[in-house]
>>> print(open('my_file08.csv').read())   # CSV, C-alpha atoms
chain,number,residue,atom,x,y,z
Y,215,MET,CA,-74.1,-120.2,-35.7
Y,216,ASP,CA,-74.6,-118.4,-39.0
Y,217,LYS,CA,-73.3,-120.2,-42.1
Y,218,LEU,CA,-70.3,-118.6,-43.9
Y,219,ARG,CA,-71.4,-116.6,-46.9
Y,220,LEU,CA,-69.0,-116.6,-49.8
Y,221,ARG,CA,-69.0,-114.0,-52.6
Y,222,THR,CA,-68.9,-116.1,-55.7
Y,223,VAL,CA,-68.6,-115.7,-59.5
Y,224,LEU,CA,-69.5,-118.6,-61.7
Y,225,GLY,CA,-70.7,-118.7,-65.3
Y,226,ASN,CA,-74.1,-119.9,-66.2
Y,227,HIS,CA,-73.0,-123.4,-67.2
Y,228,PRO,CA,-75.4,-126.4,-67.2
Y,229,HIS,CA,-73.2,-128.3,-64.6
Y,230,VAL,CA,-73.5,-125.4,-62.1
Y,231,ALA,CA,-77.2,-124.7,-62.6
Y,232,ALA,CA,-78.3,-126.7,-59.6
Y,233,VAL,CA,-75.7,-125.0,-57.4
Y,234,LYS,CA,-76.7,-121.6,-58.6
Y,235,THR,CA,-80.4,-122.2,-58.1
Y,236,GLY,CA,-79.8,-123.7,-54.6
Y,237,ALA,CA,-81.1,-127.1,-55.5
Y,238,LEU,CA,-77.7,-128.3,-54.4
Y,239,ARG,CA,-76.5,-126.7,-51.2
Y,240,SER,CA,-73.9,-127.1,-48.4
Y,241,ASP,CA,-74.4,-127.2,-44.6
Y,242,LEU,CA,-71.2,-125.3,-44.1
Y,243,PHE,CA,-71.7,-122.2,-46.3
Y,244,ASP,CA,-73.9,-120.3,-48.7
Y,245,LEU,CA,-72.7,-119.0,-52.0
Y,246,ASP,CA,-73.7,-115.4,-52.7
Y,247,PHE,CA,-73.5,-115.1,-56.5
Y,248,VAL,CA,-72.2,-111.9,-58.1
Y,249,ALA,CA,-73.3,-111.5,-61.7
Y,250,PHE,CA,-70.7,-110.8,-64.4
Y,251,ALA,CA,-71.4,-110.9,-68.1
Y,252,PRO,CA,-69.1,-112.0,-69.6
Y,253,THR,CA,-67.7,-114.0,-66.7
Y,254,ASN,CA,-64.1,-113.0,-67.7
Y,255,ALA,CA,-64.9,-109.5,-66.6
Y,256,ALA,CA,-64.5,-110.8,-63.0
Y,257,PHE,CA,-61.0,-112.1,-63.6
Y,258,LYS,CA,-59.2,-108.7,-63.3
Y,259,PRO,CA,-60.8,-107.7,-59.9
Y,260,MET,CA,-60.2,-111.2,-58.6
Y,261,VAL,CA,-56.5,-111.2,-59.5
Y,262,ARG,CA,-55.8,-107.6,-58.5
Y,263,GLU,CA,-58.0,-107.2,-55.5
Y,264,GLN,CA,-59.2,-110.7,-54.5
Y,265,ALA,CA,-62.6,-109.2,-54.8
Y,266,PHE,CA,-64.4,-112.6,-54.3
Y,267,ASP,CA,-64.0,-115.6,-52.1
Y,268,VAL,CA,-64.6,-118.1,-55.0
Y,269,CYS,CA,-64.3,-117.2,-58.7
Y,270,GLU,CA,-64.2,-118.9,-62.0
Y,271,MET,CA,-60.9,-118.1,-63.7
Y,272,ALA,CA,-59.2,-118.8,-67.0
Y,273,ILE,CA,-56.2,-121.1,-66.4
Y,274,VAL,CA,-53.7,-118.9,-68.1
Y,275,THR,CA,-54.8,-115.9,-66.0
Y,276,TYR,CA,-54.3,-118.1,-62.9
Y,277,LEU,CA,-50.9,-119.3,-64.1
Y,278,MET,CA,-49.8,-115.7,-64.6
Y,279,ALA,CA,-51.3,-114.6,-61.2
Y,280,LYS,CA,-49.5,-117.5,-59.4
Y,281,ALA,CA,-46.2,-116.7,-61.1
Y,282,HIS,CA,-46.5,-113.1,-59.8
Y,283,GLY,CA,-47.4,-114.1,-56.2
Y,284,LYS,CA,-51.1,-113.4,-56.2
Y,285,PRO,CA,-52.7,-115.0,-53.1
Y,286,LEU,CA,-55.0,-117.4,-55.0
Y,287,VAL,CA,-55.4,-121.1,-54.8
Y,288,LEU,CA,-56.6,-123.4,-57.6
Y,289,LEU,CA,-59.4,-125.9,-57.3
Y,290,PRO,CA,-59.2,-128.8,-59.9
Y,291,ALA,CA,-62.7,-128.2,-61.0
Y,292,VAL,CA,-63.1,-127.4,-64.7
Y,293,MET,CA,-65.9,-125.1,-65.7
Y,294,ILE,CA,-65.0,-124.9,-69.4
Y,295,GLY,CA,-63.0,-127.4,-71.4
Y,296,ARG,CA,-63.0,-127.6,-75.1
Y,297,PHE,CA,-61.0,-128.3,-78.2
Y,298,GLN,CA,-59.6,-125.1,-79.7
Y,299,HIS,CA,-59.2,-125.7,-83.4
Y,300,GLY,CA,-62.6,-124.2,-84.2
Y,301,TYR,CA,-61.7,-120.9,-82.5
Y,302,ALA,CA,-59.7,-119.4,-85.4
Y,303,LEU,CA,-61.1,-117.5,-88.4
Y,304,ARG,CA,-60.0,-116.2,-91.8
Y,305,ARG,CA,-61.9,-114.5,-94.6
Y,306,ALA,CA,-63.7,-116.7,-97.1
Y,307,ASP,CA,-63.1,-114.6,-100.2
Y,308,GLY,CA,-59.3,-114.2,-100.0
Y,309,ASP,CA,-56.4,-116.4,-101.0
Y,310,ALA,CA,-56.5,-119.8,-99.2
Y,311,LEU,CA,-54.8,-119.2,-95.9
Y,312,ALA,CA,-53.7,-122.3,-93.9
Y,313,PRO,CA,-52.3,-122.3,-90.4
Y,314,THR,CA,-48.8,-122.7,-91.8
Y,315,ASP,CA,-49.2,-119.5,-93.7
Y,316,LEU,CA,-49.6,-117.2,-90.7
Y,317,GLU,CA,-45.9,-116.1,-90.5
Y,318,GLY,CA,-45.7,-112.5,-91.7
Y,319,LYS,CA,-49.4,-112.0,-91.3
Y,320,ARG,CA,-51.5,-109.8,-89.0
Y,321,VAL,CA,-53.4,-111.9,-86.5
Y,322,GLY,CA,-55.9,-110.5,-84.1
Y,323,ILE,CA,-56.8,-111.7,-80.6
Y,324,ARG,CA,-58.8,-110.1,-77.9
Y,325,SER,CA,-55.9,-110.1,-75.5
Y,326,PHE,CA,-52.5,-111.8,-76.0
Y,327,THR,CA,-53.0,-113.5,-72.6
Y,328,THR,CA,-56.3,-115.3,-73.2
Y,329,THR,CA,-56.3,-119.0,-72.5
Y,330,THR,CA,-57.7,-119.9,-75.9
Y,331,GLY,CA,-55.0,-117.8,-77.5
Y,332,ALA,CA,-52.3,-119.6,-75.5
Y,333,TRP,CA,-53.7,-123.0,-76.5
Y,334,MET,CA,-54.0,-122.0,-80.1
Y,335,ARG,CA,-50.5,-120.6,-80.3
Y,336,GLY,CA,-49.2,-123.7,-78.7
Y,337,ILE,CA,-51.0,-125.8,-81.3
Y,338,LEU,CA,-49.7,-123.6,-84.1
Y,339,ALA,CA,-46.1,-123.7,-82.9
Y,340,ASN,CA,-45.8,-127.3,-81.7
Y,341,ASP,CA,-48.1,-129.1,-84.1
Y,342,HIS,CA,-47.8,-127.0,-87.3
Y,343,GLY,CA,-44.2,-125.6,-87.0
Y,344,VAL,CA,-45.4,-121.9,-87.0
Y,345,ASN,CA,-42.8,-119.4,-85.7
Y,346,LEU,CA,-44.9,-117.3,-83.4
Y,347,ASP,CA,-42.4,-114.5,-83.4
Y,348,LYS,CA,-42.9,-113.9,-87.1
Y,349,ILE,CA,-46.6,-113.1,-86.7
Y,350,ASP,CA,-47.7,-109.5,-86.2
Y,351,TRP,CA,-50.1,-109.7,-83.2
Y,352,VAL,CA,-52.9,-107.2,-82.8
Y,353,THR,CA,-54.8,-107.0,-79.5
Y,354,PHE,CA,-57.8,-105.2,-78.1
Y,355,GLU,CA,-57.7,-105.6,-74.3
Y,356,ASP,CA,-55.2,-105.3,-71.5
Y,357,PRO,CA,-54.1,-108.5,-69.6
Y,358,HIS,CA,-55.8,-109.2,-66.3
Y,359,VAL,CA,-52.4,-109.5,-64.5
Y,360,ALA,CA,-50.9,-106.0,-64.3
Y,361,GLU,CA,-47.3,-107.2,-64.1
Y,362,TYR,CA,-47.4,-108.6,-67.6
Y,363,VAL,CA,-45.9,-106.2,-70.2
Y,364,ASP,CA,-47.9,-106.5,-73.4
Y,365,ARG,CA,-45.7,-105.6,-76.4
Y,366,THR,CA,-48.3,-106.4,-79.1
Y,367,GLU,CA,-49.8,-103.8,-81.4
Y,368,ARG,CA,-53.0,-102.4,-79.9
Y,369,ALA,CA,-56.0,-102.1,-82.3
Y,370,PRO,CA,-57.3,-98.5,-82.8
Y,371,VAL,CA,-60.0,-97.4,-80.3
Y,372,GLY,CA,-63.4,-98.2,-81.6
Y,373,LYS,CA,-62.3,-101.1,-83.9
Y,374,THR,CA,-63.7,-104.6,-83.4
Y,375,ILE,CA,-61.9,-107.8,-84.1
Y,376,ILE,CA,-64.4,-109.3,-86.5
Y,377,GLN,CA,-64.9,-106.2,-88.5
Y,378,MET,CA,-61.1,-105.6,-88.8
Y,379,LEU,CA,-60.9,-109.2,-90.2
Y,380,LYS,CA,-63.7,-108.6,-92.7
Y,381,ASP,CA,-62.2,-105.3,-93.7
Y,382,GLY,CA,-58.9,-106.9,-94.5
Y,383,GLU,CA,-57.1,-105.1,-91.7
Y,384,LEU,CA,-56.3,-108.5,-90.1
Y,385,ASP,CA,-55.5,-111.7,-92.0
Y,386,ALA,CA,-56.8,-114.1,-89.3
Y,387,VAL,CA,-58.1,-114.0,-85.7
Y,388,LEU,CA,-57.8,-116.4,-82.8
Y,389,GLY,CA,-60.3,-117.0,-80.1
Y,390,GLU,CA,-63.4,-116.2,-82.2
Y,391,THR,CA,-66.2,-118.0,-83.9
Y,392,SER,CA,-68.7,-116.6,-86.4
Y,393,SER,CA,-71.6,-117.7,-88.6
Y,394,ASP,CA,-70.9,-114.8,-91.0
Y,395,PRO,CA,-70.6,-116.3,-94.5
Y,396,ALA,CA,-67.8,-113.9,-95.2
Y,397,LEU,CA,-65.7,-115.8,-92.7
Y,398,GLN,CA,-64.6,-119.4,-92.3
Y,399,PRO,CA,-62.5,-121.5,-90.0
Y,400,LEU,CA,-58.7,-121.2,-90.3
Y,401,PHE,CA,-58.5,-125.0,-90.1
Y,402,ALA,CA,-60.3,-126.5,-93.0
Y,403,ASP,CA,-61.6,-129.4,-90.8
Y,404,PRO,CA,-61.6,-128.2,-87.2
Y,405,ALA,CA,-63.3,-131.2,-85.8
Y,406,GLY,CA,-61.0,-133.6,-87.6
Y,407,GLU,CA,-57.9,-131.6,-86.5
Y,408,ALA,CA,-59.1,-131.6,-82.9
Y,409,ALA,CA,-59.7,-135.4,-83.0
Y,410,ARG,CA,-56.2,-136.0,-84.5
Y,411,TRP,CA,-54.7,-133.6,-81.9
Y,412,TYR,CA,-56.5,-135.5,-79.1
Y,413,SER,CA,-55.2,-138.8,-80.4
Y,414,ARG,CA,-51.6,-137.5,-80.2
Y,415,ARG,CA,-51.8,-135.5,-77.0
Y,416,GLY,CA,-54.4,-137.4,-75.0
Y,417,VAL,CA,-55.7,-134.3,-73.2
Y,418,VAL,CA,-58.7,-132.0,-73.3
Y,419,PRO,CA,-57.6,-128.3,-73.3
Y,420,VAL,CA,-59.0,-126.7,-70.2
Y,421,ASN,CA,-60.0,-123.1,-70.3
Y,422,HIS,CA,-61.7,-122.1,-67.0
Y,423,LEU,CA,-61.3,-123.6,-63.6
Y,424,VAL,CA,-62.1,-122.2,-60.1
Y,425,VAL,CA,-59.9,-120.3,-57.6
Y,426,VAL,CA,-60.3,-119.3,-54.0
Y,427,THR,CA,-58.4,-116.8,-52.0
Y,428,GLU,CA,-55.4,-118.0,-49.9
Y,429,ALA,CA,-57.1,-116.4,-46.9
Y,430,LEU,CA,-60.1,-118.7,-47.2
Y,431,ALA,CA,-58.0,-121.8,-47.9
Y,432,ALA,CA,-55.9,-121.1,-44.8
Y,433,SER,CA,-58.7,-120.2,-42.5
Y,434,ARG,CA,-61.4,-122.6,-43.6
Y,435,PRO,CA,-59.9,-125.6,-45.5
Y,436,ASP,CA,-63.1,-127.5,-44.7
Y,437,VAL,CA,-65.1,-124.9,-46.6
Y,438,VAL,CA,-62.8,-125.0,-49.5
Y,439,ARG,CA,-63.1,-128.7,-49.8
Y,440,GLY,CA,-66.9,-128.3,-49.4
Y,441,VAL,CA,-66.9,-125.9,-52.4
Y,442,TYR,CA,-65.1,-128.4,-54.5
Y,443,ASP,CA,-67.4,-131.2,-53.4
Y,444,LEU,CA,-70.5,-129.1,-54.2
Y,445,LEU,CA,-69.2,-128.3,-57.7
Y,446,LYS,CA,-68.4,-132.0,-58.2
Y,447,ARG,CA,-72.0,-132.9,-57.2
Y,448,GLY,CA,-73.2,-130.3,-59.6
Y,449,LYS,CA,-71.4,-131.9,-62.5
Y,450,ALA,CA,-72.8,-135.3,-61.6
Y,451,HIS,CA,-76.3,-133.8,-61.2
Y,452,ALA,CA,-76.1,-132.4,-64.8
Y,453,GLY,CA,-75.6,-135.8,-66.3
Y,454,PRO,CA,-72.8,-138.3,-67.2
Y,455,PRO,CA,-69.6,-136.9,-68.8
Y,456,GLY,CA,-68.9,-137.3,-72.4
Y,457,THR,CA,-66.0,-139.2,-74.0
Y,458,PRO,CA,-63.6,-137.6,-73.7
Y,459,ASP,CA,-64.6,-135.8,-70.5
Y,460,LEU,CA,-64.6,-132.1,-71.2
Y,461,LEU,CA,-65.0,-131.2,-67.5
Y,462,PRO,CA,-62.4,-133.2,-65.6
Y,463,PHE,CA,-62.4,-132.9,-61.9
Y,464,GLY,CA,-59.4,-133.7,-59.6
Y,465,VAL,CA,-55.7,-133.0,-59.6
Y,466,GLU,CA,-54.7,-136.2,-61.3
Y,467,ALA,CA,-57.4,-135.9,-63.9
Y,468,ASN,CA,-56.1,-132.5,-64.8
Y,469,ARG,CA,-52.3,-133.0,-64.4
Y,470,LYS,CA,-51.4,-133.7,-68.0
Y,471,GLN,CA,-53.3,-130.8,-69.5
Y,472,LEU,CA,-52.1,-128.4,-66.8
Y,473,ALA,CA,-48.5,-129.5,-67.5
Y,474,LEU,CA,-49.0,-128.9,-71.2
Y,475,VAL,CA,-50.5,-125.4,-70.8
Y,476,ILE,CA,-47.7,-124.5,-68.5
Y,477,ASP,CA,-45.2,-125.6,-71.2
Y,478,TYR,CA,-47.1,-123.4,-73.7
Y,479,CYS,CA,-47.0,-120.4,-71.3
Y,480,VAL,CA,-43.3,-120.8,-70.8
Y,481,GLN,CA,-42.7,-121.0,-74.6
Y,482,GLN,CA,-44.8,-117.9,-75.2
Y,483,SER,CA,-43.2,-115.9,-72.3
Y,484,LEU,CA,-46.5,-115.5,-70.6
Y,485,ILE,CA,-45.0,-116.5,-67.2
Y,486,PRO,CA,-41.5,-115.5,-66.0
Y,487,ARG,CA,-40.6,-118.9,-64.7
Y,488,ARG,CA,-41.8,-122.5,-65.0
Y,489,ILE,CA,-44.3,-123.5,-62.4
Y,490,THR,CA,-45.0,-127.1,-61.5
Y,491,VAL,CA,-48.5,-128.5,-61.4
Y,492,ASP,CA,-48.2,-129.1,-57.7
Y,493,GLU,CA,-47.4,-125.5,-57.1
Y,494,LEU,CA,-50.9,-124.5,-58.4
Y,495,PHE,CA,-52.5,-126.1,-55.3
Y,496,ASP,CA,-52.0,-125.9,-51.6
Y,497,ASP,CA,-52.3,-128.5,-48.7
Y,498,THR,CA,-56.1,-128.1,-48.9
Y,499,THR,CA,-56.5,-128.6,-52.6
Y,500,ARG,CA,-53.6,-130.8,-53.6
Y,501,ASP,CA,-55.3,-134.1,-52.8
Y,502,LEU,CA,-58.7,-133.3,-54.3
Y,503,ASN,CA,-59.8,-136.0,-56.8
>>> encode(input="my_file08.csv", output="structure tokens")
Amino acid sequence: MDKLRLRTVLGNHPHVAAVKTGALRSDLFDLDFVAFAPTNAAFKPMVREQAFDVCEMAIVTYLMAKAHGKPLVLLPAVMIGRFQHGYALRRADGDALAPTDLEGKRVGIRSFTTTTGAWMRGILANDHGVNLDKIDWVTFEDPHVAEYVDRTERAPVGKTIIQMLKDGELDAVLGETSSDPALQPLFADPAGEAARWYSRRGVVPVNHLVVVTEALAASRPDVVRGVYDLLKRGKAHAGPPGTPDLLPFGVEANRKQLALVIDYCVQQSLIPRRITVDELFDDTTRDLN
């Protein structure tokens, strides 16, 4: 009997390298990788058309898709986890601009619904007392989930986020890094801020996990569990985790950070209703650890 072939999109991460090269394989299925650069370009067709069987996906995109009834199921397999404080920029030559000074300012972000944006806004609001409604948000891309109504100001066609910041058309940007000496981090000490945030919150902000279609989860739960096991083997194959573990695997290992990003999404009206962590999984994936 031929093995099941799964159309799959995963980024080129070190912990999936052995899976992508075929050094780690499954007896149940083969992964047919579809190349997307950047990986986030695959999120829209996965949400809107279920274009793949297995797909890396930003957690906020998945939360929004789940809230709007898209037939996708989450695997508790983190592809990207990172502290967010370094992903915010301001100009180096202007007046000193601290995170608490953003009210009344123009702040750019690729899309209002990006996961880094949601984490950063949550940090600004809940850890620095910033009123997000008093910021003029400027965006450059549509959301992946069509049902979300984006009421932010759209940047002029042809403009780029970094150049608008350098030209003074934006006061700060979220979700970006740069080695340009004309720019510097919004947080004076991003690493220190991240360490202090982690000591308070006790979680690593997760950006990308993995989703499968409901059809695959319903018809072949053994295959879905096999995909998770393969990815988990890939993580172990790539070396021991750091401290803290930036790539947690398992429902319980991700429960606290998922609950927190759900809270942030509710606060920011990214999802129309509060979702529980357990709703993100189904009977096939809920016990994966």
>>> residues_around(input="my_file08.csv", residues="Val438 of chain Y", least_positions_apart="5", cutoff="8 Å", atoms="all atoms listed in the file", output="ChimeraX atom specification")
/Y:426,430-431,498-499
>>> residues_around(input="my_file08.csv", residues="Val420 of chain Y", least_positions_apart="2", cutoff="7 Å", atoms="only C-alpha atoms", output="MDAnalysis selection string")
chainID Y and resid 292 294:296 418 422
>>> residues_around(input="my_file08.csv", residues="Glu428 of chain Y", least_positions_apart="5", cutoff="10 Å", atoms="only C-alpha atoms", output="PyMOL selection string")
chain Y and resi 264+267+284-288+433-435+496
>>> residues_around(input="my_file08.csv", residues="segment 392-402 of chain Y", least_positions_apart="2", cutoff="10 Å", atoms="all atoms listed in the file", output="NGL selection string")
:Y and (299-308 or 310-313 or 316 or 376 or 379-380 or 386-388 or 390 or 404-408)
>>> residues_around(input="my_file08.csv", residues="Ala339 of chain Y", least_positions_apart="3", cutoff="10 Å", atoms="only C-alpha atoms", output="JSON, numbers by chain")
{"Y": [313, 314, 333, 334, 335, 336, 342, 343, 344, 345, 346, 347, 478, 481, 482]}
>>> closest_residue(input="my_file08.csv", among="Y:Ala432, Y:Leu445, Y:Ile337, Y:Leu472", to="Val230 of chain Y", atoms="all atoms listed in the file")
Y:Leu445
>>> atom_distance(input="my_file08.csv", atom1="atom CA of Ser325 of chain Y", atom2="atom CA of Tyr362 of chain Y")
11.7 Å
>>> closest_residue(input="my_file08.csv", among="Y:Tyr412, Y:Gly283, Y:Asn421, Y:Gly453", to="Glu493 of chain Y", atoms="all atoms listed in the file")
Y:Gly283
>>> closest_residue(input="my_file08.csv", among="Y:Ala332, Y:Met260, Y:Ala232, Y:Val363", to="Asp477 of chain Y", atoms="only C-alpha atoms")
Y:Ala332
>>> residues_near_point(input="my_file08.csv", point="(-44.9, -110.3, -81.4)", cutoff="10 Å", atoms="only C-alpha atoms", output="JSON list (two decimals) with C-alpha atoms, in the coordinates of the input")
[["chain", "number", "residue", "atom", "x", "y", "z"],
["Y", 326, "PHE", "CA", -52.50, -111.80, -76.00],
["Y", 346, "LEU", "CA", -44.90, -117.30, -83.40],
["Y", 347, "ASP", "CA", -42.40, -114.50, -83.40],
["Y", 348, "LYS", "CA", -42.90, -113.90, -87.10],
["Y", 349, "ILE", "CA", -46.60, -113.10, -86.70],
["Y", 350, "ASP", "CA", -47.70, -109.50, -86.20],
["Y", 351, "TRP", "CA", -50.10, -109.70, -83.20],
["Y", 352, "VAL", "CA", -52.90, -107.20, -82.80],
["Y", 364, "ASP", "CA", -47.90, -106.50, -73.40],
["Y", 365, "ARG", "CA", -45.70, -105.60, -76.40],
["Y", 366, "THR", "CA", -48.30, -106.40, -79.10],
["Y", 367, "GLU", "CA", -49.80, -103.80, -81.40],
["Y", 482, "GLN", "CA", -44.80, -117.90, -75.20]]
>>> residues_near_point(input="my_file08.csv", point="(-57.9, -104.9, -73.7)", cutoff="9 Å", atoms="all atoms listed in the file", output="PyMOL selection string")
chain Y and resi 324-325+353-358+368
>>> closest_residue(input="my_file08.csv", among="Y:Leu277, Y:Met378, Y:Val417, Y:Val359", to="Arg488 of chain Y", atoms="all atoms listed in the file")
Y:Leu277
>>> closest_residue(input="my_file08.csv", among="Y:Ala255, Y:Met278, Y:Val437, Y:Val321", to="Glu383 of chain Y", atoms="all atoms listed in the file")
Y:Val321
>>> closest_residue(input="my_file08.csv", among="Y:Thr490, Y:Thr427, Y:Thr457, Y:Thr330", to="Thr391 of chain Y", atoms="only C-alpha atoms")
Y:Thr330
>>> atom_distance(input="my_file08.csv", atom1="atom CA of Asn340 of chain Y", atom2="atom CA of Pro458 of chain Y")
22.1 Å
>>> decode(input="my_file08.csv", residues="segment 280-307 of chain Y", atoms="N, CA and C atoms", output="compact mmCIF listing (two decimals), in the first residue's frame")
# COMPACT_ATOMS: atom_id res chain seq x y z
N LYS Y 280 -9.50 30.01 13.94
CA LYS Y 280 -10.33 29.15 14.77
C LYS Y 280 -11.59 29.89 15.22
N ALA Y 281 -11.45 31.14 15.59
CA ALA Y 281 -12.60 31.93 16.03
C ALA Y 281 -13.63 32.09 14.93
N HIS Y 282 -13.18 32.04 13.69
CA HIS Y 282 -14.10 32.18 12.56
C HIS Y 282 -14.44 30.85 11.91
N GLY Y 283 -14.19 29.76 12.62
CA GLY Y 283 -14.67 28.46 12.18
C GLY Y 283 -13.91 27.80 11.06
N LYS Y 284 -12.67 28.18 10.83
CA LYS Y 284 -11.88 27.54 9.77
C LYS Y 284 -11.52 26.12 10.20
N PRO Y 285 -11.59 25.16 9.26
CA PRO Y 285 -11.40 23.75 9.62
C PRO Y 285 -9.92 23.37 9.74
N LEU Y 286 -9.29 23.89 10.79
CA LEU Y 286 -7.88 23.63 11.05
C LEU Y 286 -7.72 23.19 12.50
N VAL Y 287 -6.70 22.38 12.74
CA VAL Y 287 -6.42 21.86 14.08
C VAL Y 287 -4.96 22.15 14.41
N LEU Y 288 -4.70 22.58 15.63
CA LEU Y 288 -3.36 22.94 16.05
C LEU Y 288 -2.59 21.73 16.56
N LEU Y 289 -1.31 21.66 16.19
CA LEU Y 289 -0.37 20.75 16.83
C LEU Y 289 0.47 21.57 17.81
N PRO Y 290 0.69 21.08 19.03
CA PRO Y 290 1.48 21.84 20.00
C PRO Y 290 2.98 21.68 19.75
N ALA Y 291 3.38 22.08 18.55
CA ALA Y 291 4.76 21.93 18.08
C ALA Y 291 5.26 23.31 17.66
N VAL Y 292 6.08 23.93 18.47
CA VAL Y 292 6.51 25.30 18.20
C VAL Y 292 7.65 25.30 17.19
N MET Y 293 7.48 26.08 16.14
CA MET Y 293 8.52 26.25 15.12
C MET Y 293 9.36 27.49 15.39
N ILE Y 294 8.73 28.56 15.91
CA ILE Y 294 9.45 29.78 16.28
C ILE Y 294 8.93 30.26 17.62
N GLY Y 295 9.81 30.39 18.58
CA GLY Y 295 9.50 31.03 19.85
C GLY Y 295 10.62 32.02 20.14
N ARG Y 296 10.26 33.20 20.60
CA ARG Y 296 11.31 34.20 20.83
C ARG Y 296 10.77 35.30 21.74
N PHE Y 297 11.68 35.97 22.42
CA PHE Y 297 11.30 37.14 23.17
C PHE Y 297 11.18 38.32 22.21
N GLN Y 298 10.20 39.19 22.46
CA GLN Y 298 9.77 40.15 21.44
C GLN Y 298 10.36 41.55 21.59
N HIS Y 299 10.98 41.85 22.71
CA HIS Y 299 11.35 43.24 22.99
C HIS Y 299 12.33 43.83 21.98
N GLY Y 300 13.09 43.00 21.30
CA GLY Y 300 14.03 43.51 20.31
C GLY Y 300 13.41 43.82 18.97
N TYR Y 301 12.10 43.53 18.81
CA TYR Y 301 11.43 43.72 17.52
C TYR Y 301 10.60 44.99 17.52
N ALA Y 302 11.26 46.09 17.87
CA ALA Y 302 10.62 47.41 17.86
C ALA Y 302 11.73 48.43 17.65
N LEU Y 303 11.50 49.38 16.76
CA LEU Y 303 12.54 50.33 16.38
C LEU Y 303 12.05 51.77 16.45
N ARG Y 304 12.99 52.67 16.63
CA ARG Y 304 12.76 54.11 16.51
C ARG Y 304 13.97 54.71 15.83
N ARG Y 305 13.88 55.98 15.46
CA ARG Y 305 15.03 56.66 14.87
C ARG Y 305 16.06 56.99 15.95
N ALA Y 306 17.31 56.97 15.56
CA ALA Y 306 18.38 57.25 16.51
C ALA Y 306 18.64 58.73 16.69
N ASP Y 307 18.20 59.56 15.73
CA ASP Y 307 18.58 60.98 15.75
C ASP Y 307 17.51 61.90 16.32
